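Heads up, input_26.txt below (compact mmCIF, C-alpha atoms):
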```
# COMPACT_ATOMS: atom_id res chain seq x y z
CA MET X 1 0.00 0.00 0.00
CA THR X 2 1.16 3.50 -0.79
CA ASP X 3 2.04 5.85 2.05
CA THR X 4 -0.21 8.86 2.40
CA ILE X 5 0.25 12.34 3.78
CA ILE X 6 -2.27 14.94 4.94
CA VAL X 7 -1.90 18.22 3.05
CA GLU X 8 -3.36 21.25 4.86
CA ILE X 9 -4.25 24.16 2.61
CA PRO X 10 -5.87 27.49 3.55
CA ARG X 11 -8.87 27.97 1.26
CA TYR X 12 -9.92 31.52 0.50
CA SER X 13 -12.63 32.50 -1.92
CA PRO X 14 -13.02 36.28 -2.23
CA GLU X 15 -16.69 35.87 -3.18
CA GLN X 16 -17.64 33.99 -0.01
CA ASP X 17 -14.97 34.24 2.67
CA THR X 18 -13.73 37.04 4.85
CA GLU X 19 -10.69 35.01 5.86
CA PRO X 20 -9.12 31.67 4.86
CA HIS X 21 -10.02 28.37 6.50
CA PHE X 22 -7.85 25.27 6.40
CA GLN X 23 -8.92 22.23 4.44
CA ARG X 24 -7.20 18.85 4.66
CA TYR X 25 -6.58 16.43 1.84
CA GLU X 26 -5.14 12.94 1.95
CA VAL X 27 -2.57 12.49 -0.78
CA PRO X 28 -0.50 9.43 -1.72
CA VAL X 29 3.26 9.80 -1.33
CA TYR X 30 5.45 8.51 -4.13
CA LYS X 31 9.21 8.78 -3.96
CA GLU X 32 9.37 11.08 -6.98
CA TRP X 33 6.42 13.31 -6.02
CA VAL X 34 6.93 16.95 -5.15
CA VAL X 35 4.47 19.26 -3.36
CA LEU X 36 3.20 20.46 -6.74
CA ASP X 37 2.33 16.86 -7.68
CA ALA X 38 0.26 16.66 -4.50
CA LEU X 39 -1.60 19.87 -5.47
CA ASN X 40 -2.19 18.57 -8.99
CA TYR X 41 -3.47 15.29 -7.51
CA ILE X 42 -5.92 17.21 -5.31
CA LYS X 43 -7.10 19.36 -8.21
CA ASP X 44 -7.49 16.38 -10.58
CA GLU X 45 -8.87 13.75 -8.21
CA VAL X 46 -10.31 15.36 -5.08
CA ASP X 47 -11.28 19.03 -5.36
CA GLY X 48 -11.18 20.85 -8.69
CA SER X 49 -11.82 24.21 -7.06
CA LEU X 50 -8.35 24.39 -5.52
CA THR X 51 -6.54 27.36 -7.10
CA TYR X 52 -2.76 27.83 -7.42
CA ARG X 53 -0.18 29.00 -9.92
CA TRP X 54 2.23 26.72 -11.69
CA SER X 55 3.73 26.27 -15.09
CA CYS X 56 7.06 24.65 -15.89
CA ARG X 57 7.35 22.23 -12.91
CA MET X 58 11.16 22.38 -13.23
CA GLY X 59 12.29 25.42 -11.24
CA ILE X 60 12.54 27.85 -14.14
CA CYS X 61 9.27 29.77 -14.40
CA GLY X 62 9.07 30.88 -10.76
CA SER X 63 5.28 30.55 -10.58
CA CYS X 64 4.78 27.89 -7.93
CA GLY X 65 6.38 29.55 -4.89
CA MET X 66 4.51 28.68 -1.68
CA MET X 67 5.05 28.42 2.03
CA VAL X 68 5.71 24.77 2.84
CA ASN X 69 5.57 24.24 6.59
CA GLY X 70 6.34 27.92 7.06
CA GLU X 71 9.32 28.02 4.66
CA PRO X 72 9.19 29.76 1.28
CA LYS X 73 9.76 27.01 -1.32
CA LEU X 74 9.24 26.27 -4.98
CA SER X 75 6.57 23.60 -4.71
CA CYS X 76 7.96 21.92 -7.85
CA ALA X 77 11.34 21.45 -6.17
CA THR X 78 10.18 20.31 -2.72
CA PHE X 79 9.81 16.56 -2.31
CA LEU X 80 6.82 15.24 -0.39
CA SER X 81 8.84 12.33 0.94
CA ALA X 82 11.08 14.74 2.90
CA TYR X 83 8.01 15.72 4.95
CA ALA X 84 6.35 12.30 5.01
CA ARG X 85 9.25 10.94 6.99
CA ASN X 86 8.89 13.19 10.02
CA GLY X 87 5.19 13.29 10.69
CA ASP X 88 2.22 12.72 8.50
CA ARG X 89 1.10 16.21 7.57
CA ILE X 90 2.36 19.12 5.55
CA ARG X 91 1.01 22.66 5.48
CA VAL X 92 1.05 24.49 2.15
CA GLU X 93 0.19 28.20 2.28
CA PRO X 94 0.36 31.17 -0.08
CA LEU X 95 3.63 33.13 0.03
CA ARG X 96 3.84 35.25 3.16
CA TYR X 97 3.43 39.06 3.11
CA PHE X 98 1.60 39.09 -0.24
CA PRO X 99 -2.14 39.78 -0.46
CA VAL X 100 -4.02 36.58 -1.31
CA VAL X 101 -6.27 36.62 -4.36
CA ARG X 102 -7.64 33.09 -3.92
CA ASP X 103 -6.43 29.94 -2.12
CA LEU X 104 -2.69 29.79 -2.91
CA VAL X 105 -2.59 32.61 -5.46
CA THR X 106 -0.86 35.82 -4.39
CA GLU X 107 -1.25 39.31 -5.82
CA LEU X 108 1.93 40.42 -7.65
CA THR X 109 1.09 43.87 -9.03
CA ASP X 110 3.02 45.65 -6.29
CA PHE X 111 6.06 43.41 -6.83
CA LEU X 112 6.02 43.99 -10.59
CA ALA X 113 5.78 47.75 -10.06
CA LYS X 114 8.83 47.56 -7.78
CA LEU X 115 10.76 45.55 -10.38
CA LYS X 116 10.01 48.16 -13.03
CA LYS X 117 10.98 50.97 -10.67
CA VAL X 118 14.66 49.92 -10.63
CA LYS X 119 14.86 50.13 -14.43
CA PRO X 120 16.03 46.58 -15.05
CA TRP X 121 17.22 47.04 -18.60
CA LEU X 122 20.41 48.18 -20.29
CA MET X 123 20.64 51.96 -20.25
CA ARG X 124 23.07 53.88 -22.44
CA GLU X 125 24.04 57.52 -22.17
CA ASN X 126 25.42 57.48 -25.67
CA GLU X 127 23.80 54.91 -27.91
CA ARG X 128 26.16 53.31 -30.41
CA GLU X 129 25.53 53.16 -34.12
CA LEU X 130 24.26 49.82 -35.35
CA ALA X 131 27.16 49.69 -37.80
CA GLN X 132 29.63 49.71 -34.88
CA GLY X 133 28.57 46.19 -34.11
CA GLU X 134 27.60 44.42 -30.93
CA PHE X 135 29.00 45.02 -27.45
CA LEU X 136 31.56 42.37 -26.76
CA GLN X 137 31.95 40.97 -23.29
CA THR X 138 34.78 38.96 -21.75
CA PRO X 139 34.01 35.91 -19.57
CA GLU X 140 35.17 37.98 -16.57
CA GLN X 141 32.70 40.75 -17.39
CA LEU X 142 29.93 38.18 -17.73
CA GLU X 143 30.90 36.65 -14.39
CA GLU X 144 30.40 40.07 -12.74
CA TYR X 145 26.62 39.93 -13.07
CA LYS X 146 25.78 36.36 -14.13
CA GLN X 147 24.79 35.26 -10.62
CA TYR X 148 22.20 38.06 -10.33
CA SER X 149 20.79 37.28 -13.77
CA MET X 150 19.72 33.83 -12.56
CA CYS X 151 16.72 35.33 -10.72
CA ILE X 152 13.39 33.84 -11.84
CA ASN X 153 11.16 36.34 -9.98
CA CYS X 154 9.62 33.61 -7.87
CA THR X 155 9.30 36.10 -4.95
CA LEU X 156 10.42 33.54 -2.35
CA CYS X 157 12.87 36.19 -1.09
CA TYR X 158 9.99 38.61 -0.47
CA ALA X 159 8.17 35.98 1.56
CA ALA X 160 11.36 35.42 3.58
CA CYS X 161 12.11 39.09 4.26
CA PRO X 162 10.56 40.53 7.45
CA VAL X 163 11.28 44.06 6.20
CA VAL X 164 8.93 43.43 3.27
CA GLY X 165 6.26 42.38 5.77
CA LEU X 166 6.76 45.33 8.09
CA ASP X 167 7.34 48.03 5.48
CA PRO X 168 5.34 47.43 2.29
CA THR X 169 7.13 50.34 0.57
CA PHE X 170 10.50 48.51 0.72
CA VAL X 171 11.63 47.75 -2.85
CA GLY X 172 12.72 44.30 -1.74
CA PRO X 173 15.52 41.77 -2.38
CA ALA X 174 14.84 40.55 -5.93
CA ALA X 175 14.34 44.03 -7.39
CA ILE X 176 17.55 45.37 -5.82
CA ALA X 177 19.52 42.29 -6.91
CA LEU X 178 18.16 42.85 -10.41
CA ALA X 179 19.29 46.49 -10.29
CA GLN X 180 22.76 45.18 -9.39
CA ARG X 181 22.56 42.75 -12.30
CA TYR X 182 22.40 45.73 -14.69
CA ASN X 183 24.78 47.94 -12.69
CA LYS X 184 27.43 45.24 -12.97
CA ASP X 185 26.87 44.77 -16.70
CA SER X 186 29.73 46.28 -18.71
CA ARG X 187 27.25 47.39 -21.42
CA ASP X 188 25.13 49.41 -19.01
CA GLN X 189 25.53 53.09 -18.10
CA GLY X 190 22.52 53.53 -15.84
CA ALA X 191 24.14 52.83 -12.46
CA GLY X 192 23.91 56.49 -11.40
CA GLU X 193 20.24 56.68 -12.29
CA ARG X 194 19.45 53.47 -10.42
CA LEU X 195 21.42 54.60 -7.39
CA ALA X 196 19.34 57.79 -7.25
CA ILE X 197 16.22 55.59 -7.22
CA LEU X 198 17.52 53.17 -4.62
CA GLU X 199 19.54 55.22 -2.10
CA HIS X 200 16.51 55.75 0.11
CA PRO X 201 15.10 54.13 3.27
CA GLU X 202 12.66 52.20 1.10
CA GLY X 203 15.51 51.21 -1.22
CA ILE X 204 18.85 49.69 -0.20
CA TRP X 205 18.90 51.35 3.23
CA GLY X 206 15.66 49.64 4.20
CA CYS X 207 17.51 46.31 4.25
CA THR X 208 18.64 45.28 7.73
CA PHE X 209 20.60 42.26 6.44
CA VAL X 210 18.47 39.52 7.93
CA GLY X 211 19.95 37.34 5.19
CA GLU X 212 16.90 35.10 4.82
CA CYS X 213 16.40 36.11 1.16
CA THR X 214 19.69 34.48 0.26
CA ARG X 215 18.98 31.37 2.29
CA VAL X 216 15.66 30.66 0.56
CA CYS X 217 16.71 31.64 -2.98
CA PRO X 218 16.34 28.55 -5.19
CA LYS X 219 18.70 29.98 -7.83
CA HIS X 220 21.54 31.04 -5.46
CA VAL X 221 21.30 34.69 -6.48
CA ASP X 222 22.37 35.99 -3.03
CA PRO X 223 20.20 39.14 -2.94
CA ALA X 224 21.41 39.94 0.61
CA GLY X 225 25.01 40.09 -0.62
CA ALA X 226 23.95 42.20 -3.60
CA ILE X 227 22.22 44.74 -1.35
CA GLN X 228 25.16 45.01 1.09
CA GLN X 229 27.58 45.52 -1.81
CA TYR X 230 25.20 48.10 -3.21
CA LYS X 231 25.23 49.89 0.17
CA LEU X 232 29.03 49.94 0.05
CA THR X 233 28.91 51.44 -3.46
CA ALA X 234 26.36 54.04 -2.32
CA ALA X 235 28.46 54.97 0.72
CA LEU X 236 31.63 55.32 -1.38
CA ASP X 237 29.70 57.37 -3.93
CA TRP X 238 28.52 59.66 -1.13
CA ILE X 239 32.08 60.09 0.19
CA LYS X 240 33.33 60.70 -3.34
CA SER X 241 30.76 63.48 -3.80
CA PHE X 242 32.50 65.29 -0.90
CA VAL X 243 36.05 64.64 -2.01
CA MET X 244 35.41 65.35 -5.68
CA PRO X 245 32.23 67.46 -5.85
CA LEU X 246 32.71 68.06 -9.56
CA GLY X 247 33.72 64.50 -10.44
CA ARG X 248 31.73 62.44 -12.87
CA LYS X 249 29.30 60.07 -11.17
CA ASN X 250 29.35 57.25 -13.69
CA LYS X 251 33.06 57.12 -14.32
CA ASP X 252 33.54 53.48 -13.31
CA VAL X 253 30.64 52.34 -15.41
CA ASP X 254 31.86 54.25 -18.45
CA ASP X 255 35.31 52.76 -18.08
CA GLY X 256 33.76 49.31 -17.91
CA ALA X 257 31.91 49.92 -21.14
CA LYS X 258 35.02 51.18 -22.87
CA ALA X 259 36.97 48.12 -21.80
CA ALA X 260 34.31 46.02 -23.49
CA MET D 1 -29.46 54.96 -0.42
CA GLU D 2 -25.89 54.78 -1.62
CA GLN D 3 -24.82 57.73 -3.67
CA LYS D 4 -23.57 56.86 -7.12
CA PRO D 5 -20.58 58.65 -8.60
CA PRO D 6 -21.10 60.62 -11.81
CA SER D 7 -21.65 58.27 -14.74
CA ASN D 8 -18.41 59.22 -16.51
CA THR D 9 -16.32 57.91 -13.57
CA PRO D 10 -15.63 54.22 -14.01
CA ILE D 11 -16.31 52.09 -10.95
CA TYR D 12 -13.40 49.77 -10.57
CA THR D 13 -13.87 48.69 -7.00
CA GLU D 14 -17.14 46.82 -7.56
CA PHE D 15 -15.54 43.85 -9.25
CA HIS D 16 -12.14 44.21 -7.67
CA PRO D 17 -11.20 40.94 -5.96
CA ARG D 18 -11.18 41.24 -2.21
CA TRP D 19 -7.62 40.40 -1.34
CA TYR D 20 -6.93 38.79 1.95
CA ARG D 21 -4.08 40.50 3.79
CA ARG D 22 -2.51 38.74 6.69
CA HIS D 23 -1.57 40.81 9.68
CA VAL D 24 2.12 40.76 10.67
CA SER D 25 2.30 40.09 14.40
CA VAL D 26 4.44 42.25 16.68
CA TYR D 27 6.08 38.96 17.72
CA TRP D 28 6.99 37.90 14.17
CA TRP D 29 10.61 37.44 15.27
CA LEU D 30 9.67 34.69 17.73
CA GLY D 31 8.20 32.45 15.06
CA GLN D 32 11.43 31.42 13.38
CA ARG D 33 14.90 30.58 14.69
CA GLN D 34 16.66 32.69 12.03
CA TYR D 35 14.49 35.71 12.79
CA LEU D 36 15.22 35.37 16.50
CA LYS D 37 18.94 35.16 15.77
CA PHE D 38 18.68 38.30 13.66
CA ILE D 39 16.88 40.22 16.44
CA LEU D 40 19.47 39.07 19.01
CA ARG D 41 22.21 40.21 16.63
CA GLU D 42 20.59 43.65 16.32
CA VAL D 43 19.92 43.91 20.06
CA SER D 44 23.57 43.04 20.78
CA SER D 45 24.56 46.55 19.62
CA VAL D 46 22.91 47.91 22.79
CA PHE D 47 25.33 45.82 24.87
CA VAL D 48 28.24 47.01 22.76
CA ALA D 49 27.12 50.57 23.55
CA TRP D 50 26.98 49.66 27.24
CA PHE D 51 30.68 48.71 27.23
CA VAL D 52 31.45 52.08 25.65
CA VAL D 53 29.47 53.80 28.43
CA LEU D 54 31.30 51.65 31.00
CA THR D 55 34.67 52.80 29.63
CA LEU D 56 33.52 56.44 29.73
CA LEU D 57 32.39 55.99 33.36
CA GLN D 58 35.78 54.50 34.17
CA LEU D 59 37.57 57.48 32.57
CA ARG D 60 35.37 59.88 34.52
CA ALA D 61 36.16 58.05 37.78
CA LEU D 62 39.87 58.26 36.91
CA ARG D 63 39.61 62.00 36.33
CA VAL D 64 37.67 62.68 39.56
CA GLY D 65 40.29 61.00 41.77
CA PRO D 66 41.48 57.85 43.56
CA GLU D 67 38.46 57.76 45.88
CA ALA D 68 35.97 57.87 43.03
CA TYR D 69 37.99 55.21 41.19
CA ALA D 70 37.93 52.94 44.24
CA ARG D 71 34.16 53.41 44.42
CA PHE D 72 33.90 52.54 40.72
CA VAL D 73 35.97 49.37 41.16
CA HIS D 74 33.92 48.42 44.21
CA TRP D 75 30.75 48.81 42.10
CA LEU D 76 32.33 46.66 39.38
CA GLU D 77 33.03 43.92 41.93
CA HIS D 78 29.40 43.71 43.00
CA PRO D 79 27.94 40.29 41.98
CA ALA D 80 25.00 41.90 40.17
CA THR D 81 27.38 44.07 38.08
CA ILE D 82 29.52 41.02 37.30
CA VAL D 83 26.50 38.98 36.19
CA PHE D 84 25.25 41.85 34.03
CA ASN D 85 28.66 42.40 32.46
CA VAL D 86 29.07 38.68 31.74
CA ILE D 87 25.73 38.79 29.86
CA CYS D 88 26.98 41.88 28.03
CA LEU D 89 30.22 40.10 27.16
CA PHE D 90 28.25 37.20 25.70
CA PHE D 91 26.31 39.62 23.47
CA VAL D 92 29.45 41.53 22.44
CA ILE D 93 31.12 38.26 21.41
CA PHE D 94 27.94 37.26 19.55
CA HIS D 95 27.96 40.69 17.87
CA ALA D 96 31.59 40.33 16.79
CA ILE D 97 31.20 36.78 15.45
CA THR D 98 28.03 37.53 13.48
CA TRP D 99 29.60 40.72 12.13
CA PHE D 100 32.77 38.96 10.97
CA ASN D 101 30.72 36.17 9.41
CA LEU D 102 28.61 38.68 7.47
CA ALA D 103 31.52 40.86 6.32
CA PRO D 104 32.50 38.62 3.36
CA ARG D 105 28.95 38.84 2.01
CA ALA D 106 29.10 42.62 1.89
CA MET D 107 32.63 42.78 0.44
CA ALA D 108 33.22 41.14 -2.90
CA VAL D 109 37.01 41.33 -3.19
CA LYS D 110 38.42 40.35 -6.55
CA PHE D 111 41.81 38.79 -7.12
CA ARG D 112 42.99 38.05 -10.67
CA GLY D 113 39.43 38.39 -11.95
CA LYS D 114 38.00 35.88 -9.47
CA ARG D 115 36.10 36.62 -6.29
CA LEU D 116 38.09 35.60 -3.23
CA PRO D 117 36.54 32.84 -1.08
CA GLU D 118 34.75 34.09 2.05
CA ILE D 119 37.45 32.80 4.38
CA PHE D 120 39.91 35.35 2.92
CA ILE D 121 37.74 38.20 4.26
CA SER D 122 36.59 36.71 7.57
CA ALA D 123 39.92 35.14 8.61
CA PRO D 124 41.88 38.46 8.70
CA ASN D 125 39.02 39.97 10.72
CA TYR D 126 39.22 37.17 13.28
CA ALA D 127 43.01 37.37 13.30
CA MET D 128 42.88 41.13 14.00
CA TRP D 129 40.32 40.54 16.74
CA ILE D 130 42.57 37.98 18.45
CA VAL D 131 45.70 40.17 18.08
CA VAL D 132 43.96 43.25 19.54
CA SER D 133 42.38 41.18 22.34
CA VAL D 134 45.74 39.63 23.27
CA GLY D 135 47.33 43.12 23.15
CA VAL D 136 44.70 44.56 25.47
CA ALA D 137 44.90 41.53 27.80
CA TRP D 138 48.69 41.92 27.95
CA MET D 139 48.39 45.63 28.81
CA VAL D 140 45.80 45.04 31.52
CA LEU D 141 47.10 41.84 33.09
CA ARG D 142 50.90 42.23 33.07
```
Rewrite the structure of this file - the entire thing - as structure tokens.
Amino acid sequence: MTDTIIVEIPRYSPEQDTEPHFQRYEVPVYKEWVVLDALNYIKDEVDGSLTYRWSCRMGICGSCGMMVNGEPKLSCATFLSAYARNGDRIRVEPLRYFPVVRDLVTELTDFLAKLKKVKPWLMRENERELAQGEFLQTPEQLEEYKQYSMCINCTLCYAACPVVGLDPTFVGPAAIALAQRYNKDSRDQGAGERLAILEHPEGIWGCTFVGECTRVCPKHVDPAGAIQQYKLTAALDWIKSFVMPLGRKNKDVDDGAKAA
Amino acid sequence: MEQKPPSNTPIYTEFHPRWYRRHVSVYWWLGQRQYLKFILREVSSVFVAWFVVLTLLQLRALRVGPEAYARFVHWLEHPATIVFNVICLFFVIFHAITWFNLAPRAMAVKFRGKRLPEIFISAPNYAMWIVVSVGVAWMVLR
């Protein structure tokens, strides 16, 4: 006989409920089943009204982030068997600190607005002619930002960050790490502009370095490290503005682009 | 009867889904071991400040005269003061260790195009800490 596990899920229907109530489902445990398989089993076999987001089921799309026993996890990369061993129940909840639309679906508009705010695209002060060819990049220059470019916007880091919960205006780990991804890109010249957006209490200085964002990140982006390094850059920039009040702000970035 | 807005104003709220927002408890930091560790790390700075105040008090006692200094030392020898200072010492050590462990995350030092492993940042910090501590101990205890 197959082992089973009880999956507890808060059900919330905006049409009927004022707050969520937990519902329990008995789900078989197979060695190769992840939490997402359990949800799909429930939806297919037990209760078709269960609502959740998912897509690629291989840790790339970043849609299926959920709280699994209080920890932000990609439900496609969290094996049921790991929880079946110590106890017979598992609690799957929507990602913490986000408003809940229905059941396990969180509202992402605010997060997407924050992402856009940091201008996560290549910015040029002086656009090159097409005839001049592409921007070449050395492996070292790629290495500078590659880690940050692995982010899949799964928002697990937001659900891990108490600052996000306590101060909803905080731009948050993924967005700041993404800003660093473009700052560190040798083709980009927008570091100064992004710094002006982020050197505020709701930007980099809102971070108190809890470090949980890095611990839960499924793609090893290390947003906490990115933010602290950004703080260092901001502090040096501030000191530089005293020492060389007339100096150019984006000098380093320009030099990087020239080297490319 | 409910008053309706002018007809040219679209009513968005009527069909807007009612989001459920969970309240963040004041005791959020008690729910998770890592959060508690973070709060203890932050609180430890108060104890670091206390040792600074203690040093200032000692300097003041020195300036006032031998009698005041004897009173200060007597106060330091009181069991309650010793217990409190031992707790402070624990937090100061905790503060130092967590700080040194976090330092490599904030400093990405490059050497020959590669980022140095974390140990290369934290180890010199620890080494300096030990050297300074031994230096201070030698000055005080010799």
Point to revise | Selection: 8 Å around Val171 (chain X), all atoms listed in the file, excl. self and same-chain fewer than 6 positions, as a ChimeraX atom specification | key: /X:114-115,164,202-204
Exercise for review: For CA of Thr169 (chain X) and CA of Lys116 (chain X), quote the distance in Å rounded to one decimal.
Suggested key: 14.1 Å
**Study point:** All residues 10 Å or closer to Arg41 (chain D), only C-alpha atoms, same chain fewer than 5 positions away omitted, as number ranges by chain
**Key:** X: 210; D: 35-36, 46, 91-92, 94-99
Review point. Taking all atoms listed in the file into account, what are the residues of chain X at most 6 Å from chain D, put as a ChimeraX atom specification?
Key: /X:14,99-101,210,225,228-229
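Within the 8 Å cut-off around region 23-34 of chain X, using all atoms listed in the file and omitting residues fewer than 6 positions from it on the same chain, the listed residues are Thr2, Asp3, Thr4, Ile5, Ile6, Val7, Glu8, Ile9, Pro10, Arg11, Tyr41, Ile42, Val46, Ser75, Cys76, Ala77, Thr78, Phe79, Leu80, Ser81 and Ala84 of chain X.
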Point to revise | Residues within 7 Å of (14.3, 43.8, -11.4), counting only C-alpha atoms, listed as a VMD selection string | key: chain X and resid 115 to 116 118 120 174 to 176 178 to 179
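The closest residue to Pro20 (chain X), picked from X:Arg102, X:Arg57, X:Lys146, X:Lys117 and counting all atoms listed in the file, is X:Arg102.
Distances from X:Asn40, X:Thr155, X:Ser241, X:Ser13 to Leu95 (chain X) were compared using only C-alpha atoms, and the smallest one belongs to X:Thr155.
For Glu144 (chain X), the list of residues within 9 Å, based on only C-alpha atoms and with local chain neighbours fewer than 4 positions off taken out, reads Pro139, Glu140, Tyr148, Arg181, Lys184, Asp185 and Ser186 of chain X.
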Go ahead and dump the residues you just picked, C-alpha atoms, as a compact mmCIF listing (two decimals), in the frame of the given file.
```txt
# COMPACT_ATOMS: atom_id res chain seq x y z
CA PRO X 139 34.01 35.91 -19.57
CA GLU X 140 35.17 37.98 -16.57
CA TYR X 148 22.20 38.06 -10.33
CA ARG X 181 22.56 42.75 -12.30
CA LYS X 184 27.43 45.24 -12.97
CA ASP X 185 26.87 44.77 -16.70
CA SER X 186 29.73 46.28 -18.71
```
Revision key, fill the gap. Across X:Thr138, X:Ser55, X:Gln147, X:Ser49, the smallest distance to His220 (chain X), with all atoms listed in the file counted, is shown by X:Gln147
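With distances taken over all atoms listed in the file, D:Phe100 is the one residue among D:Phe84, D:Trp50, D:Phe100, D:Tyr27 lying closest to Tyr126 (chain D).
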Review point. Using all atoms listed in the file, can you list as a VMD selection string the residues within 12 Å of (0.6, 23.4, -10.4)?
Key: chain X and resid 34 to 44 50 to 59 61 to 66 74 to 77 104 to 105
**Study point:** Atomic distance CA of Phe51 (chain D) - CA of Ser133 (chain D), expressed in Å with one decimal
**Key:** 14.7 Å
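CA of Gln141 (chain X) sits 9.5 Å away from CA of Arg187 (chain X).
You can rank D:Ile121, D:Thr55, D:Ile87, D:Ile130 by their closest distance to Phe72 (chain D) using only C-alpha atoms, and at the top of that list sits D:Thr55.
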Would you output region 207-219 of chain X from that structure, restricted to N, CA and C atoms, as an mmCIF file, in the first residue's frame?
```
data_model
loop_
_atom_site.group_PDB
_atom_site.id
_atom_site.type_symbol
_atom_site.label_atom_id
_atom_site.label_comp_id
_atom_site.auth_asym_id
_atom_site.auth_seq_id
_atom_site.Cartn_x
_atom_site.Cartn_y
_atom_site.Cartn_z
ATOM 1 N N CYS X 207 17.046 47.673 3.935
ATOM 2 C CA CYS X 207 17.508 46.312 4.247
ATOM 3 C C CYS X 207 18.281 46.310 5.558
ATOM 4 N N THR X 208 17.919 45.387 6.459
ATOM 5 C CA THR X 208 18.636 45.279 7.732
ATOM 6 C C THR X 208 19.518 44.032 7.759
ATOM 7 N N PHE X 209 19.695 43.410 6.598
ATOM 8 C CA PHE X 209 20.595 42.260 6.443
ATOM 9 C C PHE X 209 20.181 41.095 7.341
ATOM 10 N N VAL X 210 18.923 40.720 7.240
ATOM 11 C CA VAL X 210 18.466 39.517 7.930
ATOM 12 C C VAL X 210 19.098 38.294 7.251
ATOM 13 N N GLY X 211 19.255 38.396 5.926
ATOM 14 C CA GLY X 211 19.946 37.338 5.185
ATOM 15 C C GLY X 211 19.074 36.169 4.765
ATOM 16 N N GLU X 212 17.795 36.217 5.150
ATOM 17 C CA GLU X 212 16.899 35.103 4.819
ATOM 18 C C GLU X 212 16.643 34.988 3.313
ATOM 19 N N CYS X 213 16.655 36.127 2.604
ATOM 20 C CA CYS X 213 16.398 36.107 1.160
ATOM 21 C C CYS X 213 17.387 35.195 0.457
ATOM 22 N N THR X 214 18.655 35.298 0.870
ATOM 23 C CA THR X 214 19.694 34.478 0.258
ATOM 24 C C THR X 214 19.515 33.007 0.616
ATOM 25 N N ARG X 215 19.127 32.753 1.853
ATOM 26 C CA ARG X 215 18.977 31.365 2.288
ATOM 27 C C ARG X 215 17.876 30.641 1.517
ATOM 28 N N VAL X 216 16.776 31.345 1.221
ATOM 29 C CA VAL X 216 15.659 30.662 0.564
ATOM 30 C C VAL X 216 15.745 30.690 -0.963
ATOM 31 N N CYS X 217 16.660 31.487 -1.517
ATOM 32 C CA CYS X 217 16.710 31.642 -2.980
ATOM 33 C C CYS X 217 17.005 30.316 -3.668
ATOM 34 N N PRO X 218 16.101 29.839 -4.538
ATOM 35 C CA PRO X 218 16.335 28.548 -5.188
ATOM 36 C C PRO X 218 17.373 28.626 -6.305
ATOM 37 N N LYS X 219 17.745 29.845 -6.720
ATOM 38 C CA LYS X 219 18.702 29.985 -7.828
ATOM 39 C C LYS X 219 20.051 30.535 -7.358
#
```
